[in-house]
file data.txt (compact mmCIF, C-alpha atoms)
# COMPACT_ATOMS: atom_id res chain seq x y z
CA MET A 1 -17.59 79.32 -4.31
CA GLU A 2 -20.71 79.02 -6.47
CA LEU A 3 -22.47 77.35 -3.54
CA LEU A 4 -22.32 80.62 -1.57
CA GLN A 5 -24.88 82.23 -3.88
CA TYR A 6 -27.55 80.15 -2.11
CA GLU A 7 -28.76 81.39 1.26
CA PHE A 8 -29.27 77.89 2.65
CA MET A 9 -25.63 77.03 1.89
CA ARG A 10 -24.37 80.22 3.50
CA ASN A 11 -26.43 79.38 6.58
CA ALA A 12 -25.03 75.84 6.53
CA PHE A 13 -21.41 77.08 6.50
CA LEU A 14 -22.12 79.53 9.33
CA THR A 15 -23.83 76.74 11.26
CA ALA A 16 -20.77 74.53 10.82
CA ILE A 17 -18.65 77.20 12.49
CA LEU A 18 -21.08 78.05 15.29
CA ILE A 19 -21.78 74.46 16.33
CA ASN A 20 -18.09 73.62 16.51
CA ILE A 21 -17.36 76.52 18.82
CA ALA A 22 -19.65 74.87 21.36
CA CYS A 23 -18.33 71.39 20.54
CA GLY A 24 -14.68 72.35 20.80
CA ILE A 25 -15.08 73.98 24.21
CA VAL A 26 -17.64 71.78 25.95
CA GLY A 27 -16.56 68.60 24.16
CA THR A 28 -13.11 68.94 25.72
CA TYR A 29 -14.58 68.79 29.22
CA ILE A 30 -16.82 65.88 28.22
CA VAL A 31 -13.88 63.82 26.97
CA VAL A 32 -11.57 64.66 29.87
CA LYS A 33 -14.27 64.19 32.53
CA ARG A 34 -15.51 61.02 30.77
CA ILE A 35 -19.18 61.99 30.88
CA VAL A 36 -20.02 60.92 27.33
CA PHE A 37 -22.92 58.75 28.50
CA ILE A 38 -24.40 61.62 30.51
CA SER A 39 -24.10 63.88 27.47
CA GLY A 40 -25.92 61.27 25.41
CA GLY A 41 -28.68 61.18 28.01
CA ILE A 42 -29.07 64.97 27.91
CA SER A 43 -29.16 64.99 24.10
CA HIS A 44 -31.96 62.40 23.99
CA ALA A 45 -33.83 64.17 26.79
CA ALA A 46 -33.92 67.21 24.51
CA PHE A 47 -36.63 65.46 22.48
CA GLY A 48 -39.06 66.35 25.24
CA GLY A 49 -38.30 70.02 24.62
CA ILE A 50 -38.91 69.57 20.90
CA GLY A 51 -42.32 68.08 21.63
CA LEU A 52 -43.11 70.87 24.10
CA GLY A 53 -42.28 73.46 21.44
CA TYR A 54 -44.72 71.87 19.00
CA LEU A 55 -47.42 71.69 21.69
CA LEU A 56 -47.02 75.37 22.65
CA GLY A 57 -46.75 76.49 19.03
CA ILE A 58 -43.33 78.12 19.44
CA ASN A 59 -39.90 77.53 17.93
CA PRO A 60 -38.91 74.04 19.20
CA ILE A 61 -35.31 75.20 19.64
CA LEU A 62 -36.38 77.92 22.09
CA ALA A 63 -38.53 75.45 24.02
CA THR A 64 -35.65 72.98 24.16
CA ILE A 65 -33.34 75.40 26.00
CA PRO A 66 -35.16 75.42 29.39
CA PHE A 67 -36.16 71.78 28.99
CA THR A 68 -32.60 70.51 28.52
CA LEU A 69 -31.30 72.77 31.29
CA GLY A 70 -33.95 71.29 33.58
CA ALA A 71 -33.00 67.75 32.50
CA ALA A 72 -29.30 68.44 33.11
CA THR A 73 -29.97 69.92 36.55
CA THR A 74 -32.23 67.02 37.48
CA MET A 75 -29.64 64.52 36.30
CA ALA A 76 -26.91 66.18 38.37
CA THR A 77 -29.17 66.33 41.44
CA ILE A 78 -30.24 62.69 41.24
CA THR A 79 -26.71 61.36 40.75
CA ARG A 80 -25.28 63.45 43.60
CA THR A 81 -28.01 63.33 46.25
CA THR A 82 -29.58 59.87 45.92
CA LYS A 83 -28.36 56.29 46.03
CA ILE A 84 -29.52 55.67 42.46
CA SER A 85 -26.51 54.82 40.30
CA GLU A 86 -25.52 57.30 37.62
CA ASP A 87 -26.21 55.05 34.63
CA THR A 88 -29.63 54.10 36.04
CA ALA A 89 -30.60 57.75 36.59
CA ILE A 90 -29.50 58.65 33.08
CA GLY A 91 -31.46 55.78 31.55
CA ILE A 92 -34.63 56.69 33.46
CA LEU A 93 -34.47 60.42 32.69
CA TRP A 94 -33.59 59.71 29.05
CA THR A 95 -36.66 57.53 28.47
CA VAL A 96 -39.02 59.71 30.52
CA CYS A 97 -38.12 62.87 28.60
CA MET A 98 -38.39 61.18 25.21
CA SER A 99 -41.76 59.74 26.24
CA LEU A 100 -42.93 63.23 27.24
CA GLY A 101 -41.84 64.48 23.82
CA ILE A 102 -43.91 61.81 22.09
CA ILE A 103 -46.96 62.65 24.25
CA PHE A 104 -46.58 66.39 23.59
CA ILE A 105 -46.37 65.79 19.83
CA SER A 106 -49.40 63.47 19.90
CA LEU A 107 -51.40 66.19 21.67
CA THR A 108 -50.42 68.80 19.09
CA PRO A 109 -53.11 69.46 16.46
CA GLY A 110 -52.05 68.67 12.90
CA TYR A 111 -48.81 67.07 11.75
CA ALA A 112 -45.20 67.90 12.65
CA PRO A 113 -43.61 68.00 9.17
CA ASP A 114 -39.95 68.57 10.10
CA LEU A 115 -39.75 66.29 13.14
CA PHE A 116 -37.37 63.96 11.30
CA SER A 117 -34.84 66.79 10.94
CA TYR A 118 -34.69 67.20 14.73
CA LEU A 119 -33.90 63.51 15.16
CA PHE A 120 -31.23 63.14 12.47
CA GLY A 121 -30.51 66.78 11.65
CA ASN A 122 -30.27 68.68 8.40
CA ILE A 123 -27.70 71.43 8.35
CA LEU A 124 -29.10 72.63 5.01
CA THR A 125 -32.42 73.66 6.57
CA VAL A 126 -31.14 75.82 9.44
CA PRO A 127 -33.01 79.16 9.25
CA THR A 128 -31.41 82.53 9.94
CA THR A 129 -33.36 82.88 13.21
CA ASP A 130 -31.72 79.71 14.58
CA LEU A 131 -28.30 81.13 13.70
CA GLY A 132 -28.99 83.97 16.12
CA VAL A 133 -29.93 81.50 18.85
CA MET A 134 -26.75 79.48 18.21
CA LEU A 135 -24.57 82.59 18.37
CA THR A 136 -26.17 83.69 21.65
CA LEU A 137 -25.67 80.26 23.22
CA ASP A 138 -22.04 80.18 22.02
CA ILE A 139 -21.40 83.53 23.70
CA ILE A 140 -22.94 82.26 26.95
CA ILE A 141 -20.77 79.12 26.80
CA ILE A 142 -17.59 81.11 26.10
CA LEU A 143 -18.22 83.62 28.91
CA THR A 144 -19.04 80.86 31.41
CA VAL A 145 -15.87 78.93 30.55
CA LEU A 146 -13.72 82.06 30.75
CA LEU A 147 -15.14 82.73 34.20
CA LEU A 148 -14.97 79.17 35.59
CA HIS A 149 -12.21 77.49 33.56
CA LYS A 150 -10.00 76.76 36.60
CA GLU A 151 -12.88 75.22 38.54
CA PHE A 152 -14.00 73.10 35.57
CA THR A 153 -10.44 71.91 35.00
CA ALA A 154 -10.08 70.98 38.67
CA ILE A 155 -13.25 68.87 38.85
CA CYS A 156 -12.44 67.21 35.53
CA PHE A 157 -9.10 65.89 36.74
CA ASP A 158 -9.62 65.36 40.49
CA GLU A 159 -13.05 66.08 41.93
CA GLU A 160 -12.26 64.84 45.45
CA TYR A 161 -9.21 67.09 45.78
CA SER A 162 -11.23 70.00 44.37
CA GLU A 163 -13.79 69.57 47.13
CA VAL A 164 -11.05 69.42 49.78
CA VAL A 165 -9.57 72.74 48.66
CA GLY A 166 -12.96 74.45 48.80
CA ILE A 167 -14.31 74.33 45.25
CA PRO A 168 -18.13 73.86 45.24
CA THR A 169 -17.93 70.68 43.17
CA LYS A 170 -21.66 69.94 43.10
CA MET A 171 -22.47 73.40 41.74
CA MET A 172 -19.61 73.24 39.23
CA TYR A 173 -20.71 69.79 38.06
CA THR A 174 -24.29 71.01 37.59
CA THR A 175 -23.04 74.07 35.70
CA LEU A 176 -20.92 71.86 33.45
CA LEU A 177 -23.92 69.69 32.61
CA CYS A 178 -25.91 72.85 31.85
CA LEU A 179 -23.19 73.82 29.35
CA VAL A 180 -23.57 70.37 27.80
CA ALA A 181 -27.31 71.02 27.56
CA LEU A 182 -26.75 74.35 25.78
CA SER A 183 -24.32 72.67 23.39
CA VAL A 184 -26.93 70.04 22.58
CA VAL A 185 -29.40 72.80 21.68
CA VAL A 186 -26.81 74.38 19.40
CA LEU A 187 -26.27 71.04 17.62
CA ILE A 188 -29.81 69.73 17.22
CA ARG A 189 -30.69 71.42 13.93
CA ALA A 190 -27.34 70.53 12.36
CA VAL A 191 -26.92 66.83 13.14
CA GLY A 192 -30.01 65.93 15.14
CA ILE A 193 -30.57 64.41 18.57
CA ILE A 194 -29.34 60.96 17.50
CA LEU A 195 -25.97 62.15 16.15
CA VAL A 196 -25.19 64.98 18.60
CA ILE A 197 -22.75 62.94 20.66
CA ALA A 198 -20.43 62.42 17.68
CA LEU A 199 -19.70 66.13 17.25
CA LEU A 200 -19.42 66.64 21.00
CA THR A 201 -16.76 63.96 21.43
CA ILE A 202 -14.90 63.07 18.22
CA PRO A 203 -13.12 66.41 17.49
CA ALA A 204 -11.96 66.68 21.11
CA THR A 205 -10.86 63.03 21.10
CA ILE A 206 -8.85 63.53 17.92
CA THR A 207 -7.12 66.61 19.32
CA ARG A 208 -6.43 65.02 22.71
CA GLN A 209 -4.42 62.30 21.00
CA HIS A 210 -1.83 64.93 20.07
CA THR A 211 -1.82 67.36 23.02
CA HIS A 212 -2.83 67.39 26.70
CA ASN A 213 -3.10 71.17 27.10
CA LEU A 214 -6.81 71.90 27.66
CA LYS A 215 -6.77 75.32 26.01
CA LYS A 216 -5.01 73.91 22.94
CA ILE A 217 -7.48 71.04 22.81
CA MET A 218 -10.40 73.50 22.80
CA VAL A 219 -8.97 75.63 20.01
CA LEU A 220 -7.79 72.74 17.86
CA ALA A 221 -10.99 70.75 18.43
CA THR A 222 -13.01 73.75 17.25
CA LEU A 223 -10.88 74.09 14.09
CA THR A 224 -10.82 70.34 13.47
CA GLY A 225 -14.57 69.99 13.96
CA ALA A 226 -15.35 72.94 11.69
CA THR A 227 -13.06 71.62 8.93
CA LEU A 228 -14.50 68.11 9.08
CA THR A 229 -18.08 69.39 9.28
CA ILE A 230 -17.63 71.54 6.17
CA THR A 231 -15.92 68.62 4.42
CA GLY A 232 -18.88 66.37 5.24
CA LEU A 233 -21.29 69.08 4.11
CA LEU A 234 -19.60 69.46 0.72
CA LEU A 235 -19.34 65.70 0.28
CA SER A 236 -23.04 65.25 1.05
CA TYR A 237 -23.84 67.92 -1.53
CA LYS A 238 -21.80 66.11 -4.18
CA LEU A 239 -23.07 62.62 -3.34
CA ASP A 240 -26.64 63.69 -2.51
CA THR A 241 -26.52 61.97 0.88
CA PRO A 242 -27.99 63.09 4.25
CA PRO A 243 -25.68 65.87 5.58
CA GLY A 244 -25.80 64.91 9.28
CA ALA A 245 -24.95 61.26 8.73
CA THR A 246 -22.25 62.14 6.18
CA ILE A 247 -20.61 64.55 8.62
CA VAL A 248 -20.54 61.88 11.34
CA ILE A 249 -18.95 59.35 8.95
CA ILE A 250 -16.26 61.89 8.03
CA LEU A 251 -15.62 62.50 11.74
CA ALA A 252 -15.31 58.77 12.39
CA LEU A 253 -12.89 58.30 9.47
CA ALA A 254 -10.80 61.22 10.72
CA LEU A 255 -10.66 59.66 14.20
CA ALA A 256 -9.54 56.35 12.72
CA ALA A 257 -6.83 58.10 10.69
CA SER A 258 -5.70 60.10 13.73
CA THR A 259 -5.48 56.96 15.87
CA LYS A 260 -3.44 55.24 13.18
CA LEU A 261 -1.15 58.26 12.91
CA LYS A 262 -0.72 58.37 16.68
CA LYS A 263 0.36 54.74 16.74
call {"tool": "encode", "arguments": {"input": "data.txt", "output": "structure tokens"}}
result
Amino acid sequence: MELLQYEFMRNAFLTAILINIACGIVGTYIVVKRIVFISGGISHAAFGGIGLGYLLGINPILATIPFTLGAATTMATITRTTKISEDTAIGILWTVCMSLGIIFISLTPGYAPDLFSYLFGNILTVPTTDLGVMLTLDIIIILTVLLLHKEFTAICFDEEYSEVVGIPTKMMYTTLLCLVALSVVVLIRAVGIILVIALLTIPATITRQHTHNLKKIMVLATLTGATLTITGLLLSYKLDTPPGATIVIILALALAASTKLKK
């Protein structure tokens, strides 16, 4: 409890809760739909938004929101309307966006001191202003899922049948990738672009091993992710290790234990 006297620790605990709301909900669709690679592509494409934020002199997180949404929409459009294979499109967009980020940063006067934290994350440095952005994005994600849960569930399990019965699958798929993009923005400051995919997939994977009800997976993945994130945060504080990497290791160990228990 003595840790709560520090503002940065209070912000870290709140961040752990907020990021896992997005992870628990959107991560469930990612795992069920098997679009982990696409999610990884979107997370790395977010680096372009970080660079754009530095170039424009605004909060990189705010600049990343439209950039990742644009990347997600472009990725969905390319994979659905061209003959380019999905993995090829992801690889191209991934590298192009990261290259743009590097160019933007190189054009920015001065030095970007906290760029490393956007790559590998540091949950201890999340400012109060970013907490407000995370909360807003969580609310948008929750409202969108409440409104379109049936459609998302349908395209996750059987996209061809969904199209036959009249569901606009292309639009739903694009919307789902946009939710992934918003989740990536929520996660960047906590675990960084490199480690985002772990929080988006591991809690949902652990929970799915024990239930196949989507709503239960979302709730339990949120609780599991928050518990493991806080555990990793406390452990990193005790061991003086990088918080983001420590959290991912704890998640991986929990997945291994869950798999063993399932067997």
call {"tool": "atom_distance", "arguments": {"input": "data.txt", "atom1": "atom CA of A:Leu56", "atom2": "atom CA of A:Leu69"}}
result
18.1 Å
call {"tool": "atom_distance", "arguments": {"input": "data.txt", "atom1": "atom CA of A:Cys156", "atom2": "atom CA of A:Gly41"}}
result
18.9 Å
call {"tool": "residues_around", "arguments": {"input": "data.txt", "residues": "stretch 246-262 of chain A", "least_positions_apart": "4", "cutoff": "12 Å", "atoms": "only C-alpha atoms", "output": "number ranges by chain"}}
result
A: 16, 120-123, 190-192, 194-211, 221, 224-242
call {"tool": "closest_residue", "arguments": {"input": "data.txt", "among": "A:Val145, A:Leu115, A:Leu100, A:Ile58", "to": "A:Met218", "atoms": "only C-alpha atoms"}}
result
A:Val145
call {"tool": "closest_residue", "arguments": {"input": "data.txt", "among": "A:Leu220, A:Leu214, A:Leu52, A:Ile38", "to": "A:Ile103", "atoms": "only C-alpha atoms"}}
result
A:Leu52
call {"tool": "residues_around", "arguments": {"input": "data.txt", "residues": "A:Phe157", "least_positions_apart": "4", "cutoff": "12 Å", "atoms": "only C-alpha atoms", "output": "PyMOL selection string"}}
result
chain A and resi 29-34+150-153+161-163+169+212+214
call {"tool": "closest_atom_pairs", "arguments": {"input": "data.txt", "of": "stretch 45-82 of chain A", "to": "stretch 86-91 of chain A", "cutoff": "12 Å", "atoms": "all atoms listed in the file", "output": "Markdown table"}}
result
| residue | atom | partner | partner_atom | distance |
| --- | --- | --- | --- | --- |
| A:Ala45 | CA | A:Ile90 | CA | 9.4 |
| A:Ala71 | CA | A:Ile90 | CA | 9.8 |
| A:Ala72 | CA | A:Ile90 | CA | 9.8 |
| A:Thr73 | CA | A:Ile90 | CA | 11.8 |
| A:Thr74 | CA | A:Ala89 | CA | 9.5 |
| A:Met75 | CA | A:Ile90 | CA | 6.7 |
| A:Ala76 | CA | A:Glu86 | CA | 9.0 |
| A:Thr77 | CA | A:Ala89 | CA | 10.0 |
| A:Ile78 | CA | A:Ala89 | CA | 6.8 |
| A:Thr79 | CA | A:Glu86 | CA | 5.3 |
| A:Arg80 | CA | A:Glu86 | CA | 8.6 |
| A:Thr81 | CA | A:Glu86 | CA | 10.8 |
| A:Thr82 | CA | A:Glu86 | CA | 9.6 |
call {"tool": "write_last_selection", "arguments": {"input": "data.txt", "atoms": "C-alpha atoms", "output": "mmCIF file, in the frame of the given file"}}
result
data_model
loop_
_atom_site.group_PDB
_atom_site.id
_atom_site.type_symbol
_atom_site.label_atom_id
_atom_site.label_comp_id
_atom_site.auth_asym_id
_atom_site.auth_seq_id
_atom_site.Cartn_x
_atom_site.Cartn_y
_atom_site.Cartn_z
ATOM 1 C CA ALA A 45 -33.830 64.170 26.790
ATOM 2 C CA ALA A 71 -33.000 67.750 32.500
ATOM 3 C CA ALA A 72 -29.300 68.440 33.110
ATOM 4 C CA THR A 73 -29.970 69.920 36.550
ATOM 5 C CA THR A 74 -32.230 67.020 37.480
ATOM 6 C CA MET A 75 -29.640 64.520 36.300
ATOM 7 C CA ALA A 76 -26.910 66.180 38.370
ATOM 8 C CA THR A 77 -29.170 66.330 41.440
ATOM 9 C CA ILE A 78 -30.240 62.690 41.240
ATOM 10 C CA THR A 79 -26.710 61.360 40.750
ATOM 11 C CA ARG A 80 -25.280 63.450 43.600
ATOM 12 C CA THR A 81 -28.010 63.330 46.250
ATOM 13 C CA THR A 82 -29.580 59.870 45.920
#
call {"tool": "atom_distance", "arguments": {"input": "data.txt", "atom1": "atom CA of A:Thr222", "atom2": "atom CA of A:Gly49"}}
result
26.6 Å
call {"tool": "residues_around", "arguments": {"input": "data.txt", "residues": "A:Leu137", "least_positions_apart": "6", "cutoff": "9 Å", "atoms": "all atoms listed in the file", "output": "ChimeraX atom specification"}}
result
/A:22,182-183,185-186
call {"tool": "residues_around", "arguments": {"input": "data.txt", "residues": "A:Glu160", "least_positions_apart": "6", "cutoff": "12 Å", "atoms": "only C-alpha atoms", "output": "ChimeraX atom specification"}}
result
/A:154,166-170
call {"tool": "write_last_selection", "arguments": {"input": "data.txt", "atoms": "C-alpha atoms", "output": "mmCIF file, in the coordinates of the input"}}
result
data_model
loop_
_atom_site.group_PDB
_atom_site.id
_atom_site.type_symbol
_atom_site.label_atom_id
_atom_site.label_comp_id
_atom_site.auth_asym_id
_atom_site.auth_seq_id
_atom_site.Cartn_x
_atom_site.Cartn_y
_atom_site.Cartn_z
ATOM 1 C CA ALA A 154 -10.080 70.980 38.670
ATOM 2 C CA GLY A 166 -12.960 74.450 48.800
ATOM 3 C CA ILE A 167 -14.310 74.330 45.250
ATOM 4 C CA PRO A 168 -18.130 73.860 45.240
ATOM 5 C CA THR A 169 -17.930 70.680 43.170
ATOM 6 C CA LYS A 170 -21.660 69.940 43.100
#
call {"tool": "closest_residue", "arguments": {"input": "data.txt", "among": "A:Leu131, A:Ile61, A:Leu55, A:Ala46", "to": "A:Cys97", "atoms": "all atoms listed in the file"}}
result
A:Ala46
call {"tool": "closest_residue", "arguments": {"input": "data.txt", "among": "A:Ser85, A:Thr28, A:Thr15, A:Thr68", "to": "A:Ile193", "atoms": "only C-alpha atoms"}}
result
A:Thr68
call {"tool": "residues_around", "arguments": {"input": "data.txt", "residues": "A:Thr128", "least_positions_apart": "5", "cutoff": "10 Å", "atoms": "all atoms listed in the file", "output": "PyMOL selection string"}}
result
chain A and resi 7-8+10-12+14-15+133-134
call {"tool": "closest_residue", "arguments": {"input": "data.txt", "among": "A:Pro243, A:Gly101, A:Gly40, A:Gly27", "to": "A:Val126", "atoms": "only C-alpha atoms"}}
result
A:Pro243
